[in-house]
Amino acid sequence: MATESPIRQVNEALDAQRSSVEFGCAHCGLPVPKGLISPGADKQFCCHGCEAVYAVIHQMGLDSYYRLKQRQGAQTQPARTTGAGYVAFDHEAFVTRCCEDRPDGLRSTAFYLEGVHCAACLWLVEKLPGVVPGVVESRLNMHKSLVGLTWDPKQVDLSKIASALDSLGYPPHPARDVAAGAMVTRENRRELVRIGVSGAAVGNAMILAICLYAGYFTGIEDEYRMLFRWVGMGIALVALVWPGAVFFRGAWSAIRTRTPHMDLPIALGLAAGGLAGTVNTLRGDGEVYFDSLTVLVFLLLVGRAIQRRQQRRAADAVEQLFRLTPVSARRVDGETVAEVPIEALEQGDTVELIAGESVPVDGEVLYGGSEIDESLLTGESRPVGVTAGDRVHAGSVNLTSTLRVRVHATGERTRVGALMSLVEESTRNKAPVAQAADRLAGWFVVTVISLAAVTFAFWLWRDPVHAADHTVALLIVACPCALGLATPLTLAVAIGRAARRGVLIKGGAALERMARCGTMLLDKTGTVTLGKTTLVHWFGDEKVKPLAAAVESHSSHRIAGAMIEALGIPDHGGEVADVVQSDTGGISARVNGQRMVIGSSDYVGRCAPGNTDRGWVNDHVKQITEESLTPVLIVVDGEVKAVAGFGDAVRPDAREAIGALRRMGWRMGMVSGDHQAVVSQVANGLGLSPEDTHGGVMPEQKVELVRRYNKLGPVVMVGDGVNDAAALAAATLGIAVHGGAEASLAAADIYLSRPGLTPIIGLTKASRQVIGGIRRGMGVSLAYNAVGVSLAALGVINPLIAAVLMPVSSLTVLGLALSSRAFMSDGAGGESGDISGGRGDEGDKP
């Protein structure tokens with residue numbers, strides 16, 4: 001036996017050492033797969049996208065991006081580039097719809113960017129003016145992944161700017177309603193200015209108040225006392241007239257429209273305190289309350305800003321709805337195929353669809369045959385075959401072959417566009433739950449004014465000298481600032497804690513709805529089930545698994561992908577040859593000289609006759625079919641060796657979670673676009689009632705179904721797809737689950753970032769704790785007002801003590817909000833609002 005060459009031994013040793021070392025990608029830092037390692041190269045990359053982006057960044061001289069990213073400790077994320085030309089962005093129709101021409105000749109627009117995740121991305125995107133001539137400004141909002149661009153259209157086309165962003169690893173998508181976004185930005189700035197001014201007023205007023213309080217006990221010269229009072233009055237008047245004016249405008253609006261709300265009693269208390277302090281300053285005698293007034297204006301503005309931020313977050317989410325379909329299409333004009341924006345298409349045009357692309361329009365197939373994934377619209381996980389004459393809808397995905405489609409509708413006139421319009425309409429028409437504080441406002445104002453009149457009349461008869469002081473003290477101490485802060489502060493704390501635990505809540509009304517019992521409808525595909533094809537059963541010889549995986553690795557079919565995901569790609573599956581893939585349900589090949597056939601019973605019956613009639617094969621095929629799964633037979637050298645079952649498996653926690661929610665008082669149901677038999681099969685396994693199980697329901701029908709249940713009481717809809725979006729918006733409360741489509745996230749009131757139904761158990765418990773905390777805060781506030789008003793009316797407290805007690809009550813409510821245990825885990829199985837849910841049988845009904 002000849003010995004191996006020493007050089008060959010050394011080379012093999014070096015190869016083994018090289019394969020055992022894990023290289024990090026030079027761009028994103030992720031491990032480089034063994035097959036992509038380039039021997040001898042200084043830089044290794046995990047994918048071609050990272051390699052392309054690294055080259056562009058290096059070529060542009062922006063290598064500081066990597067140093068900044070390393071200092072930030074940013075998460076690793078591979079780069080994604082599309083290589084698109086974005087020529088549709090230069091089309092006149094696109095410019096008219098999505099861009100804004102400025103008086104100075106410049107042009108501006110906004111893009112949503114993929115791949116933004118850290119401060120280094122912010123730095124890189126905002127360096128765009130230095131690397132693309134003609135770009136004047138590039139400002140990135142990291143929270144929204146929204147970049148605002150300003151450029152000179154005479155120097156550079158928008159397509160070149162978009163391509164530059166794409167080459168940096170941030171594929172752009174147009175953001176619509178740029179003018180409306182600019183208006184919201186201006187309002188945000190005005191709100192911040194008001195809070196800043198009121199905060200500055202608080203700081204200065206408190207310094208002056210400390211001087212006056214110190215002089216009250218130790219004595220102070222009159223000229224300094226008057227100076228501090230006059231300066232304090234000026235600061236307080238600025239706080240009341242500028243940032244505090246929003247409360248007076250709201251109060252005047254309430255009077256004009258005869259719809260009392262919290263601004264009315266708040267304005268009354270602020271006006272009483274400000275007027276009394278001003279009069280006493282002008283008189284040079286009596287108490288002033290300027291420090292308390294400025295503190296209250298500041299706290300109330302902060303509470304209002306928190307509420308408006310939640311409302312704007314919901315409004316911003318609706319903008320995501322219109323990113324579901326492509327912004328451009330390839331229009332066919334004779335022999336010419338040109339990319340144009342969707343706005344340039346007209347009814348009757350012909351567009352070309354390549355495999356893997358989203359369908360941009362509603363239309364009719366003119367040429368070609370393919371499979372279409374309509375799960376975005378219908379929720380049905382199985383692709384649908386289409387040929388000439390069949391209808392296709394925008395938002396679907398062309399899976400296998402090139403198609404040419406005649407345009408019937410575009411944009412908002414498509415089926416998905418109509419669904420999104422229905423979402424917007426339902427969101428607008430969904431009346432927010434009125435807060436108890438606002439419901440009390442009308443009675444509160446009448447009661448306070450009546451008590452003030454009685455107090456003034458009583459003390460005018462009893463002690464005319466102090467009648468005005470006691471009345472002012474009553475008006476000041478009755479200011480319902482704590483009542484106005486109880487709800488927003490408690491909600492802000494709860495929503496912030498929930499976000500840190502992966503539960504995103506758009507507003508306090510969602511928690512109030514979740515705390516009540518009613519009907520909970522669950523979408524099947526992706527919510528109750530995993531939402532993808534998986535290997536559920538394998539009956540037969542385990543030894544043929546590597547052979548089957550080796551054959552299926554040569555197929556792009558979804559069943560093949562599921563098998564490879566379950567079995568893995570074998571390192572030594574054997575040599576595969578003579579691969580033949582059929583459009584009628586199977587694949588055949590030779591592996592190590594053995595002929596293998598994998599496919600449906602019909603396909604195997606044609607390729608290997610006589611194998612499908614065996615008893616054990618028929619029994620397993622029947623069992624798989626009864627479970628609404630797809631049977632696949634594996635044949636080796638003419639003999640069936642195994643039967644596999646593929647389908648959309650039910651989530652492991654579904655049955656237990658549904659049972660726990662039912663014990664908490666929910667009526668549970670299921671709704672799906674899948675066939676009724678499939679839905680009933682899943683529902684039976686989960687113990688759901690047949691009368692609350694609905695299959696074959698289209699998106700428009702889901703809305704009607706939700707509205708029918710709404711007549712019986714509150715309805716919570718839980719879903720994850722575009723086909724659920726309209727129903728989520730129409731329900732009393734919509735919950736989007738982990739992995740959901742952007743439209744469902746936009747339409748929903750609550751988003752759960754953890755998969756499965758178990759987090760809904762903890763969400764219900766935490767919501768009830770939050771509402772309980774709000775009620776406690778409002779109770780404390782009302783009790784404080786009742787005691788304070790009584791003491792003021794009896795003359796026990798004077799205006800100075802009333803002014804001190806007013807902010808103290810607000811701080812008490814803040815303490816109660818911070819002490820809430822909602823959405824805080826202590827490992828007790830959900831006792832403190834843990835969203836993991838625990839056993840799910842400990843939540844009390846409200």
# chains A, B, ... in the order shown; residues from 1 in each chain; ligands from 1
call {"tool": "residues_around", "arguments": {"residues": "Ser628 of chain A", "least_positions_apart": "5", "cutoff": "9 Å", "atoms": "only C-alpha atoms", "output": "ChimeraX atom specification"}}
result
/A:647,677-678,681-682
call {"tool": "residues_around", "arguments": {"residues": "segment 331-342 of chain A", "least_positions_apart": "6", "cutoff": "7 Å", "atoms": "only C-alpha atoms", "output": "ChimeraX atom specification"}}
result
/A:87-88,91,94,350-352,410
call {"tool": "write_last_selection", "arguments": {"atoms": "N, CA, C and O atoms", "output": "mmCIF file, in the first residue's frame"}}
result
data_model
loop_
_atom_site.group_PDB
_atom_site.id
_atom_site.type_symbol
_atom_site.label_atom_id
_atom_site.label_comp_id
_atom_site.auth_asym_id
_atom_site.auth_seq_id
_atom_site.Cartn_x
_atom_site.Cartn_y
_atom_site.Cartn_z
ATOM 1 N N VAL A 87 -35.963 52.842 -11.484
ATOM 2 C CA VAL A 87 -36.229 53.835 -12.529
ATOM 3 C C VAL A 87 -37.659 54.366 -12.438
ATOM 4 O O VAL A 87 -37.934 55.489 -12.889
ATOM 5 N N ALA A 88 -38.556 53.599 -11.822
ATOM 6 C CA ALA A 88 -39.939 54.075 -11.693
ATOM 7 C C ALA A 88 -40.019 55.311 -10.812
ATOM 8 O O ALA A 88 -40.975 56.083 -10.909
ATOM 9 N N HIS A 91 -40.355 58.548 -12.762
ATOM 10 C CA HIS A 91 -41.529 58.750 -13.606
ATOM 11 C C HIS A 91 -42.363 59.920 -13.083
ATOM 12 O O HIS A 91 -42.464 60.162 -11.878
ATOM 13 N N PHE A 94 -45.007 59.160 -10.425
ATOM 14 C CA PHE A 94 -44.476 58.922 -9.090
ATOM 15 C C PHE A 94 -44.092 60.243 -8.426
ATOM 16 O O PHE A 94 -44.365 60.460 -7.235
ATOM 17 N N THR A 350 -50.862 45.715 -20.101
ATOM 18 C CA THR A 350 -50.345 44.373 -19.829
ATOM 19 C C THR A 350 -49.057 44.491 -19.028
ATOM 20 O O THR A 350 -48.178 45.296 -19.364
ATOM 21 N N VAL A 351 -48.949 43.705 -17.954
ATOM 22 C CA VAL A 351 -47.739 43.703 -17.134
ATOM 23 C C VAL A 351 -47.159 42.295 -17.092
ATOM 24 O O VAL A 351 -47.878 41.308 -17.250
ATOM 25 N N GLU A 352 -45.858 42.239 -16.882
ATOM 26 C CA GLU A 352 -45.143 40.960 -16.815
ATOM 27 C C GLU A 352 -44.741 40.682 -15.374
ATOM 28 O O GLU A 352 -44.221 41.554 -14.673
ATOM 29 N N THR A 410 -55.837 49.025 -10.157
ATOM 30 C CA THR A 410 -54.559 49.319 -9.491
ATOM 31 C C THR A 410 -54.836 50.100 -8.211
ATOM 32 O O THR A 410 -55.916 50.662 -8.016
#
call {"tool": "residues_around", "arguments": {"residues": "Tyr66 of chain A", "least_positions_apart": "6", "cutoff": "10 Å", "atoms": "only C-alpha atoms", "output": "ChimeraX atom specification"}}
result
/A:26-28,54,57,72,120-121,124
call {"tool": "select_by_dssp", "arguments": {"residues": "segment 587-780 of chain A", "states": "helix (DSSP H, G or I)", "output": "number ranges by chain"}}
result
A: 601-607, 615-626, 654-663, 676-686, 690-692, 699-710, 722-730, 742-747, 758-780
call {"tool": "atom_distance", "arguments": {"atom1": "atom CA of Gly568 of chain A", "atom2": "atom CA of Pro631 of chain A"}}
result
19.6 Å
call {"tool": "closest_residue", "arguments": {"among": "A:Ser450, A:Val53, A:Val737, A:Lys69", "to": "Arg754 of chain A", "atoms": "only C-alpha atoms"}}
result
A:Val737
call {"tool": "closest_residue", "arguments": {"among": "A:Gly713, A:Val643, A:Leu474, A:Leu728", "to": "Asn785 of chain A", "atoms": "only C-alpha atoms"}}
result
A:Leu474
call {"tool": "residues_around", "arguments": {"residues": "segment 263-278 of chain A", "least_positions_apart": "6", "cutoff": "7 Å", "atoms": "only C-alpha atoms", "output": "ChimeraX atom specification"}}
result
/A:233,247-248,250-251,254,287-290,293,441,445,472,475-476,478-481
call {"tool": "residues_around", "arguments": {"residues": "Ala589 of chain A", "least_positions_apart": "3", "cutoff": "9 Å", "atoms": "only C-alpha atoms", "output": "MDAnalysis selection string"}}
result
chainID A and resid 551 576:581 594:598
call {"tool": "residues_around", "arguments": {"residues": "Val718 of chain A", "least_positions_apart": "6", "cutoff": "8 Å", "atoms": "only C-alpha atoms", "output": "ChimeraX atom specification"}}
result
/A:520-523,527,728,734-737
call {"tool": "write_last_selection", "arguments": {"atoms": "all heavy atoms", "output": "PDB file, in the first residue's frame"}}
result
ATOM      1  N   MET A 520     -63.884  35.892  21.891  1.00  0.00           N
ATOM      2  CA  MET A 520     -62.556  35.981  21.295  1.00  0.00           C
ATOM      3  C   MET A 520     -62.519  35.055  20.078  1.00  0.00           C
ATOM      4  O   MET A 520     -62.652  33.837  20.211  1.00  0.00           O
ATOM      5  CB  MET A 520     -61.464  35.589  22.291  1.00  0.00           C
ATOM      6  CG  MET A 520     -60.055  35.780  21.745  1.00  0.00           C
ATOM      7  SD  MET A 520     -58.747  35.406  22.951  1.00  0.00           S
ATOM      8  CE  MET A 520     -58.991  36.705  24.143  1.00  0.00           C
ATOM      9  N   LEU A 521     -62.357  35.645  18.890  1.00  0.00           N
ATOM     10  CA  LEU A 521     -62.285  34.890  17.645  1.00  0.00           C
ATOM     11  C   LEU A 521     -60.827  34.748  17.229  1.00  0.00           C
ATOM     12  O   LEU A 521     -60.093  35.746  17.129  1.00  0.00           O
ATOM     13  CB  LEU A 521     -63.076  35.606  16.549  1.00  0.00           C
ATOM     14  CG  LEU A 521     -64.585  35.755  16.782  1.00  0.00           C
ATOM     15  CD1 LEU A 521     -65.214  36.552  15.645  1.00  0.00           C
ATOM     16  CD2 LEU A 521     -65.253  34.385  16.900  1.00  0.00           C
ATOM     17  N   LEU A 522     -60.405  33.523  16.953  1.00  0.00           N
ATOM     18  CA  LEU A 522     -59.025  33.226  16.585  1.00  0.00           C
ATOM     19  C   LEU A 522     -58.950  32.878  15.106  1.00  0.00           C
ATOM     20  O   LEU A 522     -59.711  32.033  14.624  1.00  0.00           O
ATOM     21  CB  LEU A 522     -58.485  32.053  17.407  1.00  0.00           C
ATOM     22  CG  LEU A 522     -58.585  32.159  18.928  1.00  0.00           C
ATOM     23  CD1 LEU A 522     -58.155  30.848  19.561  1.00  0.00           C
ATOM     24  CD2 LEU A 522     -57.748  33.313  19.444  1.00  0.00           C
ATOM     25  N   ASP A 523     -58.057  33.551  14.377  1.00  0.00           N
ATOM     26  CA  ASP A 523     -57.746  33.103  13.018  1.00  0.00           C
ATOM     27  C   ASP A 523     -56.989  31.782  13.115  1.00  0.00           C
ATOM     28  O   ASP A 523     -56.226  31.564  14.072  1.00  0.00           O
ATOM     29  CB  ASP A 523     -56.903  34.154  12.308  1.00  0.00           C
ATOM     30  CG  ASP A 523     -56.379  33.659  10.976  1.00  0.00           C
ATOM     31  OD1 ASP A 523     -57.217  33.298  10.125  1.00  0.00           O
ATOM     32  OD2 ASP A 523     -55.152  33.609  10.798  1.00  0.00           O
ATOM     33  N   THR A 527     -52.068  31.666  13.468  1.00  0.00           N
ATOM     34  CA  THR A 527     -52.407  32.068  14.832  1.00  0.00           C
ATOM     35  C   THR A 527     -52.567  30.838  15.710  1.00  0.00           C
ATOM     36  O   THR A 527     -51.827  30.646  16.674  1.00  0.00           O
ATOM     37  CB  THR A 527     -53.694  32.911  14.842  1.00  0.00           C
ATOM     38  OG1 THR A 527     -53.531  34.042  13.990  1.00  0.00           O
ATOM     39  CG2 THR A 527     -54.015  33.376  16.249  1.00  0.00           C
ATOM     40  N   LEU A 728     -59.749  42.742  12.228  1.00  0.00           N
ATOM     41  CA  LEU A 728     -59.075  43.279  13.410  1.00  0.00           C
ATOM     42  C   LEU A 728     -59.536  44.702  13.696  1.00  0.00           C
ATOM     43  O   LEU A 728     -59.736  45.094  14.842  1.00  0.00           O
ATOM     44  CB  LEU A 728     -57.554  43.251  13.215  1.00  0.00           C
ATOM     45  CG  LEU A 728     -56.874  41.884  13.229  1.00  0.00           C
ATOM     46  CD1 LEU A 728     -55.434  42.005  12.758  1.00  0.00           C
ATOM     47  CD2 LEU A 728     -56.915  41.283  14.625  1.00  0.00           C
ATOM     48  N   GLY A 734     -58.485  44.434  18.433  1.00  0.00           N
ATOM     49  CA  GLY A 734     -57.726  43.577  17.529  1.00  0.00           C
ATOM     50  C   GLY A 734     -56.354  43.266  18.091  1.00  0.00           C
ATOM     51  O   GLY A 734     -55.657  44.160  18.572  1.00  0.00           O
ATOM     52  N   ILE A 735     -55.974  41.994  18.056  1.00  0.00           N
ATOM     53  CA  ILE A 735     -54.655  41.555  18.541  1.00  0.00           C
ATOM     54  C   ILE A 735     -53.921  40.888  17.384  1.00  0.00           C
ATOM     55  O   ILE A 735     -54.415  39.912  16.815  1.00  0.00           O
ATOM     56  CB  ILE A 735     -54.770  40.573  19.721  1.00  0.00           C
ATOM     57  CG1 ILE A 735     -55.500  41.232  20.896  1.00  0.00           C
ATOM     58  CG2 ILE A 735     -53.395  40.088  20.157  1.00  0.00           C
ATOM     59  CD1 ILE A 735     -55.696  40.301  22.078  1.00  0.00           C
ATOM     60  N   ALA A 736     -52.760  41.411  17.025  1.00  0.00           N
ATOM     61  CA  ALA A 736     -51.908  40.799  16.008  1.00  0.00           C
ATOM     62  C   ALA A 736     -50.825  39.991  16.700  1.00  0.00           C
ATOM     63  O   ALA A 736     -50.208  40.467  17.656  1.00  0.00           O
ATOM     64  CB  ALA A 736     -51.278  41.869  15.115  1.00  0.00           C
ATOM     65  N   VAL A 737     -50.600  38.772  16.227  1.00  0.00           N
ATOM     66  CA  VAL A 737     -49.659  37.874  16.880  1.00  0.00           C
ATOM     67  C   VAL A 737     -48.322  37.890  16.164  1.00  0.00           C
ATOM     68  O   VAL A 737     -48.177  38.409  15.063  1.00  0.00           O
ATOM     69  CB  VAL A 737     -50.217  36.440  16.946  1.00  0.00           C
ATOM     70  CG1 VAL A 737     -51.473  36.402  17.797  1.00  0.00           C
ATOM     71  CG2 VAL A 737     -50.508  35.913  15.546  1.00  0.00           C
TER      72      VAL A 737
END
call {"tool": "closest_residue", "arguments": {"among": "A:Ala55, A:Leu299, A:Val279, A:Leu106", "to": "Pro243 of chain A", "atoms": "only C-alpha atoms"}}
result
A:Leu299
call {"tool": "residues_around", "arguments": {"residues": "segment 158-172 of chain A", "least_positions_apart": "5", "cutoff": "10 Å", "atoms": "only C-alpha atoms", "output": "VMD selection string"}}
result
chain A and resid 49 to 50 52 to 57 78 to 91 95 99 107 to 116 121 124 to 125 128 to 129 131 to 135 145 to 147 149 to 153
call {"tool": "select_by_dssp", "arguments": {"residues": "segment 168-414 of chain A", "states": "strand (DSSP E or B)", "output": "number ranges by chain"}}
result
A: 172-174, 328-333, 336-341, 350-353, 358, 362-367, 370-373, 384-386, 391-392, 397-398, 403-409
call {"tool": "atom_distance", "arguments": {"atom1": "atom CA of Gln347 of chain A", "atom2": "atom CA of His408 of chain A"}}
result
5.1 Å
